file coords.txt (compact mmCIF, C-alpha atoms)
# COMPACT_ATOMS: atom_id res chain seq x y z
CA MET A 1 24.43 16.62 22.42
CA THR A 2 21.88 16.06 19.64
CA LYS A 3 19.59 13.08 19.95
CA ASN A 4 18.44 11.40 16.75
CA ILE A 5 15.11 9.92 15.74
CA VAL A 6 15.73 7.98 12.52
CA ILE A 7 12.74 6.93 10.42
CA ILE A 8 13.13 4.19 7.80
CA GLY A 9 10.68 4.75 4.95
CA SER A 10 8.85 7.68 3.38
CA GLY A 11 5.50 5.97 2.87
CA PHE A 12 2.32 6.99 4.63
CA ALA A 13 3.47 5.71 8.03
CA GLY A 14 6.93 7.21 7.70
CA VAL A 15 5.70 10.65 6.69
CA MET A 16 3.15 10.76 9.50
CA ALA A 17 5.78 9.54 11.96
CA ALA A 18 8.09 12.36 10.97
CA LEU A 19 5.31 14.91 11.28
CA GLY A 20 4.15 13.46 14.62
CA ALA A 21 7.65 13.69 16.09
CA SER A 22 8.13 17.19 14.68
CA ARG A 23 4.83 18.36 16.15
CA LEU A 24 5.68 17.19 19.67
CA ARG A 25 9.18 18.66 19.40
CA HIS A 26 7.64 22.01 18.49
CA GLU A 27 5.01 21.83 21.23
CA LYS A 28 7.70 21.20 23.85
CA GLY A 29 9.91 24.03 22.60
CA VAL A 30 12.78 21.70 21.70
CA SER A 31 15.07 22.83 18.91
CA PRO A 32 16.11 20.63 15.94
CA ASP A 33 19.67 20.95 17.24
CA GLU A 34 18.61 19.13 20.40
CA LEU A 35 16.34 16.56 18.75
CA ALA A 36 16.98 15.71 15.10
CA ILE A 37 14.41 13.87 13.00
CA ILE A 38 15.99 12.07 10.06
CA MET A 39 14.05 10.36 7.28
CA VAL A 40 15.83 7.65 5.25
CA SER A 41 14.38 6.37 1.97
CA PRO A 42 15.40 5.84 -1.67
CA ALA A 43 13.74 9.10 -2.78
CA PRO A 44 12.34 12.19 -0.98
CA GLU A 45 8.82 11.44 -2.07
CA LEU A 46 5.63 9.70 -1.00
CA VAL A 47 4.33 7.17 -3.51
CA ILE A 48 0.52 7.23 -3.45
CA ARG A 49 0.21 3.46 -3.53
CA PRO A 50 -3.59 3.34 -3.19
CA ARG A 51 -3.78 4.98 -6.64
CA LEU A 52 -1.39 2.77 -8.59
CA TYR A 53 -4.30 0.97 -10.28
CA GLU A 54 -5.29 4.24 -11.96
CA ARG A 55 -4.14 5.71 -15.26
CA ASN A 56 -0.78 7.52 -15.39
CA PRO A 57 0.76 5.88 -12.33
CA GLU A 58 3.97 7.85 -12.77
CA GLN A 59 2.04 10.87 -11.51
CA MET A 60 1.11 9.21 -8.21
CA VAL A 61 4.01 10.73 -6.31
CA ALA A 62 4.09 13.60 -3.83
CA PRO A 63 7.50 15.31 -3.36
CA LEU A 64 8.43 15.86 0.27
CA ALA A 65 11.41 18.24 0.22
CA GLU A 66 9.36 21.39 0.87
CA LEU A 67 7.39 19.73 3.66
CA PHE A 68 10.58 18.52 5.32
CA ALA A 69 12.15 21.96 5.07
CA ALA A 70 9.09 23.59 6.64
CA THR A 71 9.06 21.14 9.56
CA ASP A 72 12.83 20.83 10.14
CA ILE A 73 12.97 17.19 9.13
CA LYS A 74 16.29 16.05 7.72
CA TYR A 75 16.48 13.68 4.79
CA HIS A 76 19.09 11.02 3.99
CA GLN A 77 18.78 9.36 0.60
CA GLY A 78 19.44 5.66 0.28
CA ARG A 79 18.23 2.16 0.99
CA VAL A 80 18.59 0.69 4.46
CA GLU A 81 20.51 -2.56 4.25
CA THR A 82 21.02 -3.51 7.87
CA ILE A 83 19.75 -2.66 11.35
CA ASP A 84 22.21 -3.24 14.20
CA ASN A 85 19.98 -2.96 17.24
CA GLY A 86 22.90 -3.76 19.55
CA ALA A 87 24.94 -0.78 18.32
CA SER A 88 21.84 1.39 17.62
CA THR A 89 22.95 2.02 14.05
CA ILE A 90 21.68 1.40 10.52
CA THR A 91 23.65 0.95 7.32
CA VAL A 92 22.37 2.95 4.35
CA VAL A 93 23.41 2.19 0.76
CA ALA A 94 23.25 5.06 -1.73
CA GLY A 95 22.41 4.80 -5.41
CA ASP A 96 26.10 4.77 -6.36
CA GLY A 97 26.76 1.80 -4.08
CA SER A 98 28.48 3.74 -1.32
CA SER A 99 27.36 3.10 2.24
CA ALA A 100 27.00 5.16 5.39
CA THR A 101 26.28 4.34 9.01
CA LEU A 102 23.68 6.37 10.90
CA ALA A 103 23.34 6.26 14.66
CA TYR A 104 19.96 6.56 16.32
CA ASP A 105 18.61 7.13 19.80
CA ARG A 106 15.16 6.03 18.64
CA LEU A 107 14.44 4.18 15.40
CA ILE A 108 11.06 4.03 13.69
CA LEU A 109 10.72 1.13 11.28
CA ALA A 110 8.21 2.31 8.66
CA ALA A 111 9.66 0.43 5.71
CA GLY A 112 6.25 -0.69 4.46
CA SER A 113 5.47 -3.85 2.54
CA GLU A 114 5.91 -5.44 -0.85
CA GLY A 115 3.94 -7.78 -3.02
CA PHE A 116 4.17 -11.50 -2.35
CA ALA A 117 4.63 -13.66 -5.42
CA PRO A 118 4.46 -17.43 -4.90
CA PRO A 119 6.63 -19.78 -6.99
CA ILE A 120 4.16 -20.13 -9.85
CA GLN A 121 5.78 -21.24 -13.10
CA GLY A 122 6.24 -18.23 -15.40
CA LEU A 123 4.91 -15.63 -12.98
CA ALA A 124 8.24 -13.85 -12.49
CA GLU A 125 8.99 -13.85 -16.23
CA PHE A 126 5.58 -13.02 -17.70
CA GLY A 127 3.41 -11.65 -14.90
CA PHE A 128 2.91 -8.06 -13.78
CA ALA A 129 2.37 -6.51 -10.36
CA ALA A 130 1.63 -2.98 -9.25
CA THR A 131 2.33 -2.73 -5.54
CA GLN A 132 5.39 -0.54 -6.21
CA LEU A 133 5.64 2.52 -8.44
CA ALA A 134 8.09 0.98 -10.91
CA GLU A 135 5.83 -2.08 -11.27
CA ALA A 136 2.77 0.06 -11.97
CA VAL A 137 4.64 2.11 -14.57
CA ALA A 138 5.89 -1.07 -16.27
CA LEU A 139 2.34 -2.45 -16.39
CA ASP A 140 1.00 0.81 -17.82
CA ARG A 141 3.64 0.81 -20.56
CA HIS A 142 2.82 -2.81 -21.36
CA LEU A 143 -0.88 -1.99 -21.70
CA HIS A 144 -0.16 0.86 -24.10
CA ALA A 145 2.24 -1.34 -26.10
CA LEU A 146 -0.61 -3.78 -26.76
CA ALA A 147 -1.97 -1.35 -29.35
CA ALA A 148 0.99 -2.13 -31.61
CA LYS A 149 0.25 -5.87 -31.59
CA PRO A 150 -2.10 -7.65 -34.00
CA ALA A 151 -5.61 -8.15 -32.66
CA SER A 152 -6.01 -11.47 -30.83
CA MET A 153 -7.73 -12.85 -27.76
CA ALA A 154 -4.38 -12.93 -25.97
CA ARG A 155 -3.84 -9.23 -26.66
CA ASN A 156 -7.37 -8.29 -25.63
CA THR A 157 -7.54 -10.34 -22.42
CA VAL A 158 -6.37 -9.39 -18.93
CA VAL A 159 -6.29 -11.93 -16.10
CA VAL A 160 -6.12 -10.60 -12.55
CA GLY A 161 -4.80 -12.97 -9.89
CA GLY A 162 -6.60 -12.15 -6.67
CA ALA A 163 -10.17 -11.05 -5.93
CA GLY A 164 -9.30 -8.89 -2.95
CA PHE A 165 -9.38 -5.12 -2.69
CA THR A 166 -6.48 -4.44 -5.06
CA GLY A 167 -7.49 -7.08 -7.57
CA LEU A 168 -11.04 -5.76 -7.80
CA GLU A 169 -9.88 -2.18 -8.33
CA PHE A 170 -7.55 -3.27 -11.13
CA ALA A 171 -10.14 -5.54 -12.73
CA THR A 172 -12.91 -2.92 -12.77
CA GLU A 173 -10.50 -0.32 -14.13
CA MET A 174 -9.29 -2.54 -16.97
CA PRO A 175 -12.28 -2.56 -19.38
CA GLY A 176 -12.18 1.22 -19.73
CA ARG A 177 -8.41 1.42 -19.94
CA LEU A 178 -8.19 -1.29 -22.59
CA ARG A 179 -10.88 0.29 -24.75
CA GLU A 180 -9.06 3.62 -24.61
CA ILE A 181 -5.91 1.87 -25.82
CA LEU A 182 -7.31 -0.73 -28.23
CA GLY A 183 -10.44 1.05 -29.44
CA GLU A 184 -14.09 0.97 -28.47
CA GLN A 185 -14.81 -1.91 -30.82
CA ALA A 186 -12.16 -4.21 -29.38
CA ASP A 187 -13.44 -7.47 -27.93
CA ILE A 188 -12.18 -6.93 -24.38
CA ARG A 189 -12.06 -9.69 -21.79
CA VAL A 190 -11.16 -9.27 -18.09
CA ILE A 191 -11.06 -12.30 -15.77
CA ILE A 192 -10.47 -12.45 -12.00
CA VAL A 193 -9.01 -15.67 -10.58
CA ASP A 194 -9.07 -16.49 -6.87
CA ARG A 195 -8.98 -19.61 -4.71
CA SER A 196 -11.66 -18.15 -2.44
CA GLU A 197 -15.32 -19.04 -2.82
CA HIS A 198 -16.34 -15.39 -3.22
CA VAL A 199 -14.88 -12.09 -4.42
CA ALA A 200 -13.76 -9.63 -1.73
CA PRO A 201 -13.65 -12.39 0.91
CA ALA A 202 -12.23 -10.09 3.62
CA MET A 203 -15.19 -7.70 3.31
CA GLY A 204 -17.74 -10.30 4.29
CA VAL A 205 -21.30 -10.86 3.14
CA ALA A 206 -22.95 -7.43 3.12
CA PRO A 207 -21.09 -5.77 0.18
CA ARG A 208 -20.96 -8.92 -1.92
CA PRO A 209 -24.20 -8.60 -3.94
CA PHE A 210 -23.35 -5.06 -5.03
CA ILE A 211 -19.79 -6.00 -6.00
CA GLU A 212 -20.91 -9.09 -7.92
CA GLU A 213 -23.56 -7.13 -9.81
CA ARG A 214 -21.01 -4.47 -10.68
CA LEU A 215 -18.63 -7.07 -12.09
CA ARG A 216 -21.45 -8.49 -14.23
CA SER A 217 -22.39 -5.04 -15.54
CA LEU A 218 -18.77 -4.40 -16.58
CA GLY A 219 -18.48 -7.83 -18.17
CA VAL A 220 -15.72 -8.91 -15.76
CA GLU A 221 -15.63 -12.69 -15.47
CA THR A 222 -14.65 -14.62 -12.35
CA ARG A 223 -12.97 -17.97 -11.81
CA LEU A 224 -13.37 -18.84 -8.13
CA ASN A 225 -12.21 -21.83 -6.09
CA VAL A 226 -9.25 -22.14 -8.47
CA GLY A 227 -5.75 -20.72 -8.66
CA ILE A 228 -3.18 -19.86 -11.29
CA ALA A 229 -0.97 -22.88 -11.95
CA GLY A 230 1.36 -21.39 -14.57
CA LEU A 231 1.70 -18.88 -17.36
CA ASP A 232 3.71 -18.15 -20.44
CA GLU A 233 3.94 -15.22 -22.83
CA ASN A 234 0.49 -15.76 -24.33
CA SER A 235 -1.58 -17.80 -21.87
CA VAL A 236 -2.33 -18.71 -18.29
CA THR A 237 -3.27 -22.16 -17.03
CA LEU A 238 -5.53 -22.53 -14.00
CA SER A 239 -5.35 -25.22 -11.34
CA ASN A 240 -8.44 -26.91 -12.83
CA GLY A 241 -6.70 -27.24 -16.19
CA GLU A 242 -8.47 -24.35 -17.96
CA ARG A 243 -6.19 -22.45 -20.32
CA ILE A 244 -6.90 -18.78 -21.04
CA GLU A 245 -5.19 -16.88 -23.87
CA THR A 246 -3.73 -13.68 -22.45
CA SER A 247 -0.69 -11.44 -22.75
CA THR A 248 -1.41 -9.68 -19.45
CA VAL A 249 -1.55 -11.34 -16.04
CA ILE A 250 -1.68 -8.97 -13.05
CA TRP A 251 -0.79 -10.57 -9.72
CA SER A 252 -2.42 -8.86 -6.74
CA ALA A 253 -2.82 -11.68 -4.22
CA GLY A 254 -0.87 -10.93 -1.10
CA MET A 255 1.54 -8.57 0.66
CA ARG A 256 4.43 -9.12 3.05
CA ALA A 257 6.09 -6.70 5.45
CA SER A 258 9.53 -5.32 4.61
CA PRO A 259 12.29 -7.93 5.00
CA LEU A 260 13.94 -5.55 7.47
CA THR A 261 11.55 -6.84 10.13
CA ALA A 262 13.41 -10.17 10.03
CA GLN A 263 16.58 -8.45 11.24
CA LEU A 264 15.10 -7.88 14.69
CA PRO A 265 14.99 -10.80 17.16
CA VAL A 266 11.26 -10.61 17.80
CA GLU A 267 8.03 -12.46 17.07
CA ARG A 268 6.39 -11.81 13.72
CA ASP A 269 3.07 -12.86 12.21
CA ASN A 270 2.50 -14.78 8.98
CA LEU A 271 2.76 -11.52 7.02
CA GLY A 272 6.15 -10.69 8.50
CA ARG A 273 4.78 -7.94 10.75
CA ILE A 274 6.31 -7.38 14.18
CA ILE A 275 3.85 -7.97 17.00
CA VAL A 276 4.28 -4.65 18.80
CA GLU A 277 3.49 -3.39 22.27
CA PRO A 278 0.51 -1.02 22.74
CA ASP A 279 2.66 2.08 22.15
CA LEU A 280 4.14 0.41 19.00
CA ARG A 281 7.45 -0.30 20.67
CA VAL A 282 9.25 -3.42 19.47
CA PRO A 283 9.21 -5.89 22.40
CA ASP A 284 12.54 -6.35 24.18
CA VAL A 285 14.17 -3.74 21.91
CA GLY A 286 13.40 -0.60 23.85
CA ASN A 287 14.61 2.05 21.40
CA ILE A 288 12.83 0.83 18.24
CA PHE A 289 9.23 1.41 17.23
CA ALA A 290 7.54 -0.40 14.33
CA THR A 291 4.66 1.15 12.45
CA GLY A 292 2.57 0.96 9.30
CA ASP A 293 2.77 -2.31 7.39
CA THR A 294 5.70 -3.54 9.51
CA ALA A 295 3.58 -3.66 12.69
CA LYS A 296 0.81 -5.95 13.88
CA ALA A 297 -1.02 -3.60 16.22
CA ARG A 298 -4.32 -3.96 18.04
CA THR A 299 -6.71 -1.21 16.99
CA ASP A 300 -9.39 -1.49 19.68
CA ALA A 301 -10.61 -3.31 22.77
CA ALA A 302 -12.61 -5.74 20.60
CA GLY A 303 -9.41 -7.42 19.45
CA ASN A 304 -9.23 -6.10 15.88
CA TYR A 305 -5.83 -5.50 14.32
CA ALA A 306 -4.66 -2.90 11.82
CA VAL A 307 -4.58 -4.06 8.23
CA MET A 308 -2.02 -3.20 5.57
CA SER A 309 -3.72 -0.05 4.34
CA CYS A 310 -3.12 3.67 3.99
CA GLN A 311 -5.96 4.24 6.45
CA HIS A 312 -4.17 2.45 9.27
CA ALA A 313 -0.63 3.39 8.23
CA ARG A 314 -1.28 7.11 8.63
CA ARG A 315 -2.55 6.88 12.20
CA LEU A 316 0.00 4.22 13.15
CA GLY A 317 2.71 6.54 11.87
CA ALA A 318 1.44 9.53 13.83
CA PHE A 319 1.45 7.49 17.06
CA ALA A 320 4.91 6.07 16.41
CA GLY A 321 6.41 9.49 15.72
CA HIS A 322 4.80 11.03 18.78
CA ASN A 323 5.87 8.15 21.01
CA ALA A 324 9.48 8.06 19.80
CA ALA A 325 9.82 11.79 20.51
CA ALA A 326 7.95 11.51 23.81
CA ASP A 327 10.25 8.70 24.92
CA LEU A 328 13.32 10.87 24.35
CA LEU A 329 11.76 13.96 25.92
CA GLY A 330 10.63 12.25 29.09
CA GLU A 331 6.94 12.43 28.20
CA PRO A 332 4.51 9.51 28.51
CA THR A 333 3.90 7.46 25.38
CA LEU A 334 0.37 6.83 24.11
CA PRO A 335 -1.23 3.47 23.33
CA TYR A 336 -2.23 3.27 19.69
CA ASP A 337 -5.95 3.01 19.01
CA GLN A 338 -8.04 3.29 15.85
CA PRO A 339 -11.55 2.01 16.57
CA ALA A 340 -13.13 3.49 13.42
CA TYR A 341 -12.71 1.36 10.32
CA VAL A 342 -14.10 2.12 6.86
CA THR A 343 -13.46 0.86 3.35
CA CYS A 344 -14.08 2.57 0.04
CA LEU A 345 -13.67 0.19 -2.88
CA ASP A 346 -13.38 1.63 -6.37
CA LEU A 347 -15.43 -0.29 -8.94
CA GLY A 348 -14.71 1.39 -12.24
CA PRO A 349 -15.21 4.80 -13.85
CA ASP A 350 -18.42 5.88 -12.09
CA THR A 351 -19.06 3.53 -9.17
CA ALA A 352 -17.67 2.63 -5.78
CA ILE A 353 -18.90 1.16 -2.49
CA PHE A 354 -18.32 2.64 0.97
CA THR A 355 -18.63 0.48 4.09
CA ARG A 356 -18.20 1.12 7.80
CA GLY A 357 -17.05 -1.17 10.58
CA TRP A 358 -15.28 -4.51 10.67
CA ASP A 359 -18.52 -6.16 9.55
CA SER A 360 -18.52 -3.94 6.41
CA LYS A 361 -21.93 -2.34 6.76
CA VAL A 362 -22.75 -0.76 3.40
CA GLU A 363 -23.40 2.98 3.73
CA ILE A 364 -22.92 4.48 0.25
CA THR A 365 -22.86 2.99 -3.24
CA GLY A 366 -22.74 4.10 -6.86
CA ALA A 367 -21.84 7.62 -7.96
CA ASP A 368 -22.05 9.01 -4.42
CA ALA A 369 -19.50 6.50 -3.18
CA LYS A 370 -17.34 7.25 -6.22
CA ALA A 371 -17.30 10.92 -5.19
CA VAL A 372 -16.09 9.89 -1.74
CA LYS A 373 -13.41 7.66 -3.27
CA LYS A 374 -12.24 10.51 -5.48
CA GLU A 375 -11.98 12.81 -2.45
CA ILE A 376 -10.00 10.18 -0.54
CA ASN A 377 -7.65 9.44 -3.43
CA GLU A 378 -7.05 12.99 -4.60
CA VAL A 379 -7.16 15.01 -1.36
CA TRP A 380 -7.30 13.24 1.99
CA ILE A 381 -4.33 10.89 1.65
CA TYR A 382 -1.88 13.50 0.36
CA PRO A 383 0.60 15.16 2.72
CA PRO A 384 0.35 18.94 3.26
CA GLY A 385 1.28 20.63 -0.02
CA GLY A 386 1.82 17.33 -1.82
CA ARG A 387 -1.27 17.40 -4.02
CA THR A 388 -0.09 20.32 -6.17
CA HIS A 389 2.99 18.33 -7.21
CA ALA A 390 1.24 15.14 -8.23
CA GLY A 391 -0.19 16.15 -11.59
CA LEU A 392 -3.55 17.05 -10.07
call {"tool": "encode", "arguments": {"input": "coords.txt", "output": "structure tokens"}}
result
Amino acid sequence: MTKNIVIIGSGFAGVMAALGASRLRHEKGVSPDELAIIMVSPAPELVIRPRLYERNPEQMVAPLAELFAATDIKYHQGRVETIDNGASTITVVAGDGSSATLAYDRLILAAGSEGFAPPIQGLAEFGFAATQLAEAVALDRHLHALAAKPASMARNTVVVGGAGFTGLEFATEMPGRLREILGEQADIRVIIVDRSEHVAPAMGVAPRPFIEERLRSLGVETRLNVGIAGLDENSVTLSNGERIETSTVIWSAGMRASPLTAQLPVERDNLGRIIVEPDLRVPDVGNIFATGDTAKARTDAAGNYAVMSCQHARRLGAFAGHNAAADLLGEPTLPYDQPAYVTCLDLGPDTAIFTRGWDSKVEITGADAKAVKKEINEVWIYPPGGRTHAGL
């Protein structure tokens, strides 16, 4: 009788989980008829989320059908609505509204994360986000539509909510993008707003001088120790009362794990991530593994934990896929570890900064770091064969 590994999500963790399970199945000489690997997601594609701040976001997609065919991974299209861990089934809703029930012997929850938007007045109606492909495409269309509007400070100003990794990459990309759309002579204004005392607070002290200097050189303004209190169609009001004319507010402050994590009776952290066992198993639910942005997993003996990033999702996924297959095949599971940690922050058209370690030791800056970032974005993070289908 066929045993099923079902993977929810075709993001970085989900794809690597499928490949990890397929690899072990092949190594052990087990046929797909004995051990089926089934991917469930709304589309058979990997959205390259780390690149959604770039131009042409609609191109940041890698089709997966050929990869799945080559590795004997089955695909079921739809959105997972419920997980019944008692019955070991999931309910999948298709685009036409029909539903199907899939049984699993092992389930890998790799449903990722989504942007967190607090209840700020006007944010849902007038703000933009770009954590999902559709959001990034909508923002890009809005930016291009600005060219048809009369020149004004509101038209020419972008406010970015959040001075973290994503916010900085959007903010440093915006001056160039706006001048391409509105003309080189346009009076462009880009402003980052964050309640923290410094930009890039999670990166610590070492990279800060370089990042701050880069923002100054690009003319990107900062408003720190304040938040966004409200916005309307043509302005944003800060918590200190300052009003800024703008037609474009990009919210980038915060992520939350997929709501599917709340369907399992387990402990979660403040980001909604399941606090997993060393082999990424969900505690007290022996046949489910959580991975990627749905898992809070210790990376090393020093007590560091994986962050919501492509870098960690890929390795988390590989471990989860291997362990789910190993568990079914009577092989020992492996404790997840990922002691190496690097960041490569894009800072506009010709500059980036590369750091190593949890203390963010700066190793490369400027054009050299930009070359590394380009290699990461355009080559390293793509699945096998995916790059040729992504407009590259």
call {"tool": "residues_around", "arguments": {"input": "coords.txt", "residues": "Gly127 of chain A", "least_positions_apart": "3", "cutoff": "6 Å", "atoms": "all atoms listed in the file", "output": "PDB file with C-alpha atoms, keeping the file's coordinate frame"}}
result
ATOM      1  CA  LEU A 123       4.910 -15.630 -12.980  1.00  0.00           C
ATOM      2  CA  ALA A 124       8.240 -13.850 -12.490  1.00  0.00           C
ATOM      3  CA  VAL A 249      -1.550 -11.340 -16.040  1.00  0.00           C
TER       4      VAL A 249
END
call {"tool": "closest_residue", "arguments": {"input": "coords.txt", "among": "A:Thr291, A:Thr101, A:Ser247, A:Ser252", "to": "Ser235 of chain A", "atoms": "only C-alpha atoms"}}
result
A:Ser247
call {"tool": "residues_around", "arguments": {"input": "coords.txt", "residues": "Arg51 of chain A", "least_positions_apart": "5", "cutoff": "10 Å", "atoms": "all atoms listed in the file", "output": "JSON, numbers by chain"}}
result
{"A": [56, 57, 59, 60, 61, 130, 131, 133, 136, 166, 169, 377, 378]}
call {"tool": "atom_distance", "arguments": {"input": "coords.txt", "atom1": "atom CA of Ser360 of chain A", "atom2": "atom CA of Asn225 of chain A"}}
result
22.7 Å
call {"tool": "closest_residue", "arguments": {"input": "coords.txt", "among": "A:Ala262, A:Ala43, A:Ala206, A:Leu329", "to": "Phe354 of chain A", "atoms": "all atoms listed in the file"}}
result
A:Ala206
call {"tool": "atom_distance", "arguments": {"input": "coords.txt", "atom1": "atom CA of Gln185 of chain A", "atom2": "atom CA of Thr246 of chain A"}}
result
18.2 Å
call {"tool": "axis_aligned_box", "arguments": {"input": "coords.txt", "around": "segment 242-248 of chain A", "padding_each_side": "5 Å", "output": "lines of an AutoDock Vina configuration file"}}
result
center_x = -4.6
center_y = -17.0
center_z = -20.9
size_x = 17.8
size_y = 24.7
size_z = 15.9
call {"tool": "residues_around", "arguments": {"input": "coords.txt", "residues": "segment 333-343 of chain A", "least_positions_apart": "6", "cutoff": "6 Å", "atoms": "all atoms listed in the file", "output": "PDB file with C-alpha atoms, in the coordinates of the input"}}
result
ATOM      1  CA  PRO A 278       0.510  -1.020  22.740  1.00  0.00           C
ATOM      2  CA  ASP A 279       2.660   2.080  22.150  1.00  0.00           C
ATOM      3  CA  THR A 299      -6.710  -1.210  16.990  1.00  0.00           C
ATOM      4  CA  ASP A 300      -9.390  -1.490  19.680  1.00  0.00           C
ATOM      5  CA  ASN A 323       5.870   8.150  21.010  1.00  0.00           C
ATOM      6  CA  ALA A 326       7.950  11.510  23.810  1.00  0.00           C
ATOM      7  CA  PHE A 354     -18.320   2.640   0.970  1.00  0.00           C
ATOM      8  CA  THR A 355     -18.630   0.480   4.090  1.00  0.00           C
ATOM      9  CA  ARG A 356     -18.200   1.120   7.800  1.00  0.00           C
ATOM     10  CA  GLY A 357     -17.050  -1.170  10.580  1.00  0.00           C
TER      11      GLY A 357
END
call {"tool": "closest_residue", "arguments": {"input": "coords.txt", "among": "A:Ile376, A:Leu328, A:Ile8, A:Leu347", "to": "His76 of chain A", "atoms": "all atoms listed in the file"}}
result
A:Ile8
call {"tool": "atom_distance", "arguments": {"input": "coords.txt", "atom1": "atom CA of Glu184 of chain A", "atom2": "atom CA of Ala151 of chain A"}}
result
13.1 Å
call {"tool": "closest_residue", "arguments": {"input": "coords.txt", "among": "A:Leu109, A:Leu143, A:Val199, A:Ala325", "to": "Thr294 of chain A", "atoms": "only C-alpha atoms"}}
result
A:Leu109
